[in-house]
$ cat query.txt   # compact mmCIF, C-alpha atoms
# COMPACT_ATOMS: atom_id res chain seq x y z
CA ASN A 977 -43.63 16.16 -5.10
CA ALA A 978 -45.51 18.47 -2.75
CA GLY A 979 -44.01 16.69 0.29
CA VAL A 980 -46.15 17.19 3.37
CA THR A 981 -49.08 19.57 3.14
CA GLN A 982 -51.46 20.76 5.84
CA THR A 983 -54.94 22.21 5.62
CA PRO A 984 -55.95 24.79 6.79
CA LYS A 985 -53.00 27.13 7.38
CA PHE A 986 -54.84 29.20 9.96
CA ARG A 987 -58.12 28.87 11.85
CA VAL A 988 -59.97 30.67 14.61
CA LEU A 989 -62.43 28.64 16.69
CA LYS A 990 -64.75 29.42 19.53
CA THR A 991 -64.59 27.29 22.66
CA GLY A 992 -66.62 24.13 22.15
CA GLN A 993 -66.45 24.09 18.36
CA SER A 994 -65.01 21.14 16.51
CA MET A 995 -62.67 20.95 13.57
CA THR A 996 -60.43 18.58 11.64
CA LEU A 997 -56.90 19.29 10.51
CA LEU A 998 -55.76 17.45 7.41
CA CYS A 999 -52.24 16.28 6.73
CA ALA A 1000 -51.33 14.78 3.37
CA GLN A 1001 -48.03 13.36 2.10
CA ASP A 1002 -47.14 12.16 -1.37
CA MET A 1003 -43.89 10.36 -0.47
CA ASN A 1004 -45.50 6.98 0.30
CA HIS A 1005 -44.30 7.22 3.90
CA GLU A 1006 -45.51 4.65 6.42
CA TYR A 1007 -45.14 6.76 9.54
CA MET A 1008 -47.05 9.94 10.24
CA TYR A 1009 -47.13 12.22 13.29
CA TRP A 1010 -49.00 15.16 14.76
CA TYR A 1011 -47.15 17.63 17.01
CA ARG A 1012 -48.07 20.83 18.71
CA GLN A 1013 -45.60 23.64 19.37
CA ASP A 1014 -46.09 26.14 22.17
CA PRO A 1015 -43.74 28.90 23.31
CA GLY A 1016 -41.21 27.58 25.81
CA MET A 1017 -42.46 24.00 25.42
CA GLY A 1018 -40.87 22.81 22.21
CA LEU A 1019 -42.64 20.34 19.95
CA ARG A 1020 -44.72 17.69 21.68
CA LEU A 1021 -46.14 14.57 20.06
CA ILE A 1022 -49.93 14.31 20.11
CA HIS A 1023 -50.63 11.11 18.14
CA TYR A 1024 -48.82 9.04 15.60
CA SER A 1025 -49.44 6.29 13.06
CA VAL A 1026 -47.14 3.49 11.96
CA GLY A 1027 -49.25 2.58 8.95
CA GLU A 1028 -52.61 2.81 7.26
CA GLY A 1029 -55.41 1.97 9.67
CA THR A 1030 -53.26 2.28 12.80
CA THR A 1031 -52.94 5.10 15.31
CA ALA A 1032 -51.39 5.49 18.76
CA LYS A 1033 -51.18 8.09 21.51
CA GLY A 1034 -48.20 10.32 21.95
CA GLU A 1035 -47.20 12.59 24.79
CA VAL A 1036 -50.23 14.92 24.90
CA PRO A 1037 -53.22 13.11 23.32
CA ASP A 1038 -56.05 14.40 25.53
CA GLY A 1039 -58.69 16.36 23.65
CA TYR A 1040 -57.60 15.08 20.24
CA ASN A 1041 -58.52 12.16 18.01
CA VAL A 1042 -56.89 10.94 14.83
CA SER A 1043 -57.60 8.71 11.88
CA ARG A 1044 -55.45 7.18 9.13
CA LEU A 1045 -57.92 5.66 6.69
CA LYS A 1046 -55.59 6.21 3.73
CA LYS A 1047 -51.83 5.88 3.79
CA GLN A 1048 -51.28 9.37 2.49
CA ASN A 1049 -53.60 11.17 4.91
CA PHE A 1050 -53.53 11.66 8.67
CA LEU A 1051 -56.38 13.60 10.21
CA LEU A 1052 -56.35 15.34 13.59
CA GLY A 1053 -59.71 16.12 15.17
CA LEU A 1054 -60.69 18.43 17.97
CA GLU A 1055 -64.17 17.47 19.17
CA SER A 1056 -64.67 20.37 21.57
CA ALA A 1057 -61.99 23.01 21.26
CA ALA A 1058 -60.57 24.66 24.38
CA PRO A 1059 -58.37 27.78 24.69
CA SER A 1060 -55.55 25.50 25.89
CA GLN A 1061 -55.48 24.02 22.39
CA THR A 1062 -54.38 27.33 20.91
CA SER A 1063 -51.09 26.35 19.32
CA VAL A 1064 -49.21 25.69 16.11
CA TYR A 1065 -49.81 22.17 14.85
CA PHE A 1066 -47.24 20.39 12.71
CA CYS A 1067 -47.66 17.17 10.84
CA ALA A 1068 -44.68 15.05 9.88
CA SER A 1069 -43.98 11.84 8.02
CA ARG A 1070 -41.08 9.46 7.51
CA ARG A 1071 -40.33 6.34 5.52
CA GLY A 1072 -38.59 4.33 8.23
CA LEU A 1073 -37.70 4.54 11.89
CA GLN A 1074 -34.08 5.41 11.25
CA GLU A 1075 -34.90 8.19 8.84
CA THR A 1076 -35.62 11.80 9.42
CA GLN A 1077 -39.11 13.20 9.64
CA TYR A 1078 -40.34 15.71 7.07
CA PHE A 1079 -42.63 18.40 8.40
CA GLY A 1080 -45.59 20.19 6.91
CA PRO A 1081 -45.82 24.01 7.02
CA GLY A 1082 -48.01 24.04 10.13
CA THR A 1083 -51.54 25.08 11.07
CA ARG A 1084 -51.99 28.01 13.41
CA LEU A 1085 -55.06 27.51 15.58
CA LEU A 1086 -56.55 30.13 17.86
CA VAL A 1087 -59.32 29.08 20.23
CA LEU A 1088 -61.23 31.96 21.79
CA ARG B 451 -35.80 16.84 34.25
CA LYS B 452 -36.47 17.37 30.55
CA GLU B 453 -35.51 14.47 28.30
CA VAL B 454 -33.57 16.76 26.00
CA GLU B 455 -32.02 19.97 27.26
CA GLN B 456 -30.30 22.66 25.27
CA ASP B 457 -28.27 25.75 26.04
CA PRO B 458 -30.54 28.64 26.83
CA GLY B 459 -30.49 31.37 24.18
CA PRO B 460 -30.49 33.66 22.50
CA PHE B 461 -26.99 33.67 21.08
CA ASN B 462 -26.12 37.00 19.47
CA VAL B 463 -22.95 36.80 17.40
CA PRO B 464 -21.28 38.88 14.68
CA GLU B 465 -20.90 37.61 11.14
CA GLY B 466 -17.89 35.35 10.81
CA ALA B 467 -17.99 34.16 14.41
CA THR B 468 -17.84 30.54 15.49
CA VAL B 469 -20.68 29.44 17.71
CA ALA B 470 -21.31 26.18 19.54
CA PHE B 471 -24.57 24.72 20.79
CA ASN B 472 -24.74 21.99 23.37
CA CYS B 473 -27.45 19.47 24.13
CA THR B 474 -27.81 16.73 26.73
CA TYR B 475 -30.29 13.87 26.77
CA SER B 476 -31.39 11.77 29.68
CA ASN B 477 -32.51 8.48 28.15
CA SER B 478 -29.66 6.13 27.33
CA ALA B 479 -32.03 4.13 25.10
CA SER B 480 -31.92 6.99 22.61
CA GLN B 481 -31.14 5.55 19.21
CA SER B 482 -30.20 8.34 16.86
CA PHE B 483 -29.80 12.07 16.87
CA PHE B 484 -30.43 15.06 14.66
CA TRP B 485 -30.09 18.81 14.55
CA TYR B 486 -33.03 20.61 13.02
CA ARG B 487 -33.29 24.26 12.09
CA GLN B 488 -36.48 26.26 12.48
CA ASP B 489 -36.99 29.70 11.02
CA CYS B 490 -39.52 32.04 12.58
CA ARG B 491 -43.09 30.76 12.10
CA LYS B 492 -41.92 27.97 9.78
CA GLU B 493 -41.67 24.22 10.08
CA PRO B 494 -38.53 22.50 11.45
CA LYS B 495 -36.17 21.28 8.75
CA LEU B 496 -33.39 18.76 9.08
CA LEU B 497 -29.98 20.39 9.31
CA MET B 498 -27.93 17.25 9.81
CA SER B 499 -27.88 13.85 11.42
CA VAL B 500 -25.38 13.26 14.21
CA TYR B 501 -23.15 10.21 14.00
CA SER B 502 -21.06 8.62 16.72
CA SER B 503 -17.84 9.37 14.88
CA GLY B 504 -18.80 13.03 14.41
CA ASN B 505 -19.68 14.49 11.07
CA GLU B 506 -19.21 17.67 9.13
CA ASP B 507 -21.27 19.39 6.47
CA GLY B 508 -19.59 22.51 5.17
CA ARG B 509 -19.43 25.02 8.01
CA PHE B 510 -21.39 22.75 10.36
CA THR B 511 -19.90 20.06 12.59
CA ALA B 512 -21.93 17.75 14.80
CA GLN B 513 -20.55 15.55 17.55
CA LEU B 514 -22.04 12.88 19.76
CA ASN B 515 -20.74 11.50 23.04
CA ARG B 516 -22.94 8.57 24.04
CA ALA B 517 -21.09 7.97 27.32
CA SER B 518 -21.81 11.52 28.48
CA GLN B 519 -25.17 11.67 26.63
CA TYR B 520 -24.11 14.89 25.01
CA ILE B 521 -24.53 16.30 21.50
CA SER B 522 -23.01 19.44 20.03
CA LEU B 523 -23.28 21.59 16.94
CA LEU B 524 -20.51 23.91 15.82
CA ILE B 525 -21.10 26.61 13.23
CA ARG B 526 -18.02 28.24 11.74
CA ASP B 527 -17.90 31.53 9.85
CA SER B 528 -21.47 32.45 10.78
CA LYS B 529 -23.64 34.03 8.08
CA LEU B 530 -26.64 36.30 8.49
CA SER B 531 -28.71 33.50 6.97
CA ASP B 532 -27.76 31.20 9.87
CA SER B 533 -30.08 33.21 12.13
CA ALA B 534 -32.73 30.72 13.27
CA THR B 535 -33.63 28.44 16.15
CA TYR B 536 -31.63 25.21 16.34
CA LEU B 537 -33.38 22.16 17.73
CA CYS B 538 -31.60 19.18 19.22
CA VAL B 539 -33.61 16.04 18.47
CA VAL B 540 -33.36 12.52 19.87
CA ASN B 541 -34.93 9.60 18.02
CA PHE B 542 -36.35 6.48 19.66
CA TYR B 543 -37.07 3.48 17.48
CA ASN B 544 -39.85 2.28 19.75
CA GLN B 545 -43.16 4.10 20.20
CA GLY B 546 -43.47 4.53 16.48
CA GLY B 547 -40.14 6.24 16.13
CA LYS B 548 -40.78 9.03 18.55
CA LEU B 549 -38.71 12.19 18.23
CA ILE B 550 -38.03 14.17 21.39
CA PHE B 551 -37.22 17.79 20.72
CA GLY B 552 -35.21 20.16 22.83
CA GLN B 553 -36.70 23.59 23.36
CA GLY B 554 -34.32 25.08 20.86
CA THR B 555 -31.57 27.67 20.96
CA GLU B 556 -32.10 30.91 19.10
CA LEU B 557 -29.19 32.24 17.08
CA SER B 558 -29.04 35.79 15.81
CA VAL B 559 -26.12 36.68 13.53
CA LYS B 560 -25.54 40.41 13.22
CA PRO B 561 -23.65 42.30 10.50
$ encode --input "query.txt" --output "C-alpha cells"
Amino acid sequence: NAGVTQTPKFRVLKTGQSMTLLCAQDMNHEYMYWYRQDPGMGLRLIHYSVGEGTTAKGEVPDGYNVSRLKKQNFLLGLESAAPSQTSVYFCASRRGLQETQYFGPGTRLLVL
Amino acid sequence: RKEVEQDPGPFNVPEGATVAFNCTYSNSASQSFFWYRQDCRKEPKLLMSVYSSGNEDGRFTAQLNRASQYISLLIRDSKLSDSATYLCVVNFYNQGGKLIFGQGTELSVKP
C-alpha cells in the first residue's frame, strides 16, 4: 500500500494563476481532509469529505474549492492564487470517525 | 483563546532526560485525543492515542484529565531520535471528524 500520496510535492505559482493539488489514498478510507500548515499557526482544516461525492467547508475554506468524484481521490483547487496561500498543504484520510488520520507527505506551494 | 493550547517550546534536554509536555483544550465536547509527532518538513504521524485511564507505549506515557480538560505526554530516557515537534490533537466526531491541532512543542535532545 502506498498510503496517502500527494501530487505535486512542490510548486511555484504567480499571483492569479490556478492549480489543482491531488490527493490519493489506497486504503479505501471514507473520510478525506485538506489542511494547510503555516508557521506559528499549526494545521488548519480547509475542506473535508465524508464520502464519495460529498464535500464540506472546514476552518479556512476561502479561496479554495474541492472535489471528491472518486472515493480514492480528493482534489484541492486554487482558482486564483494569492501570496497568502503560500503554505504547506497536507492531505489526510481515515476509515472512521474514531480512528486516526493518515497524512500524505505534503505539497509545498509558493505564490509570488 | 485557542481551542488547543500547548506548552511553548523549544524544549532542549540531554539524552536520558525525562520530559513532559502539557496540553489544554477548551471544548468539553471533544471526543478523543491523540499525540502526533512531526519531523522537520515532514507530515504529522500518530505517536499514540490518549485514553481516559492513561496509557503507555514503551518510553511514552499519555494521560487525560477530562474534568480539567488537560492532556499530557511524558517521554522517559530521551533519545536523540526523539527530537521532533509534538502535536496535541483533539478529535470531534461531528463536522466530519474534525481534528484540532495544537501549535506543537519542539523537542531537541542533545548528546
$ interface_residues --input "query.txt" --of "chain A" --to "chain B" --cutoff "12 Å" --atoms "all atoms listed in the file" --output "number ranges by chain"
A: 980-982, 985, 1006-1027, 1030-1035, 1063-1084
$ closest_residue --input "query.txt" --among "B:Cys473, B:Leu557, B:Leu497, B:Val540" --to "Ser518 of chain B" --atoms "all atoms listed in the file"
B:Cys473
$ residues_around --input "query.txt" --residues "Lys529 of chain B" --least-positions-apart "3" --cutoff "8 Å" --atoms "all atoms listed in the file" --output "list in words"
Glu465, Gly466, Asp532, Ser533 and Val559 of chain B
$ closest_residue --input "query.txt" --among "B:Leu530, B:Val463, B:Ala470, B:Cys490" --to "Phe510 of chain B" --atoms "only C-alpha atoms"
B:Ala470
$ closest_residue --input "query.txt" --among "A:Gln1001, A:Ser994, A:Thr983, A:Ser1060" --to "Arg1044 of chain A" --atoms "all atoms listed in the file"
A:Gln1001
$ closest_residue --input "query.txt" --among "A:Ala978, A:Lys990, A:Pro984, A:Leu997" --to "Val1087 of chain A" --atoms "all atoms listed in the file"
A:Lys990
$ atom_distance --input "query.txt" --atom1 "atom CA of Leu1052 of chain A" --atom2 "atom CA of Gln488 of chain B"
22.7 Å
$ atom_distance --input "query.txt" --atom1 "atom CA of Gln513 of chain B" --atom2 "atom CA of Thr535 of chain B"
18.4 Å
$ atom_distance --input "query.txt" --atom1 "atom CA of Leu1088 of chain A" --atom2 "atom CA of Thr1062 of chain A"
8.3 Å
$ closest_residue --input "query.txt" --among "A:Val1042, A:Leu1086, A:Ala1000, A:Met995" --to "Leu1054 of chain A" --atoms "all atoms listed in the file"
A:Met995
$ residues_around --input "query.txt" --residues "Asn462 of chain B" --least-positions-apart "2" --cutoff "9 Å" --atoms "all atoms listed in the file" --output "list in words"
Gly459, Pro460, Pro464, Glu556, Leu557, Ser558, Val559 and Lys560 of chain B
$ closest_residue --input "query.txt" --among "A:Gly1029, A:Gly1053, A:Pro1037, A:Gly979" --to "Asn1004 of chain A" --atoms "only C-alpha atoms"
A:Gly979
$ residues_around --input "query.txt" --residues "Val454 of chain B" --least-positions-apart "2" --cutoff "6 Å" --atoms "all atoms listed in the file" --output "short mmCIF file (atom, residue, chain, number, x, y, z; two decimals) with C-alpha atoms, in the coordinates of the input"
data_model
loop_
_atom_site.label_atom_id
_atom_site.label_comp_id
_atom_site.auth_asym_id
_atom_site.auth_seq_id
_atom_site.Cartn_x
_atom_site.Cartn_y
_atom_site.Cartn_z
CA LYS B 452 -36.47 17.37 30.55
CA THR B 474 -27.81 16.73 26.73
CA TYR B 475 -30.29 13.87 26.77
CA GLY B 552 -35.21 20.16 22.83
#
$ axis_aligned_box --input "query.txt" --around "segment 1041-1058 of chain A" --padding-each-side "3 Å" --output "AutoDock Vina command-line options"
--center_x -58.0 --center_y 15.2 --center_z 13.4 --size_x 19.4 --size_y 25.0 --size_z 27.9
$ residues_around --input "query.txt" --residues "Gly992 of chain A" --least-positions-apart "6" --cutoff "9 Å" --atoms "all atoms listed in the file" --output "PyMOL selection string"
chain A and resi 1055-1058
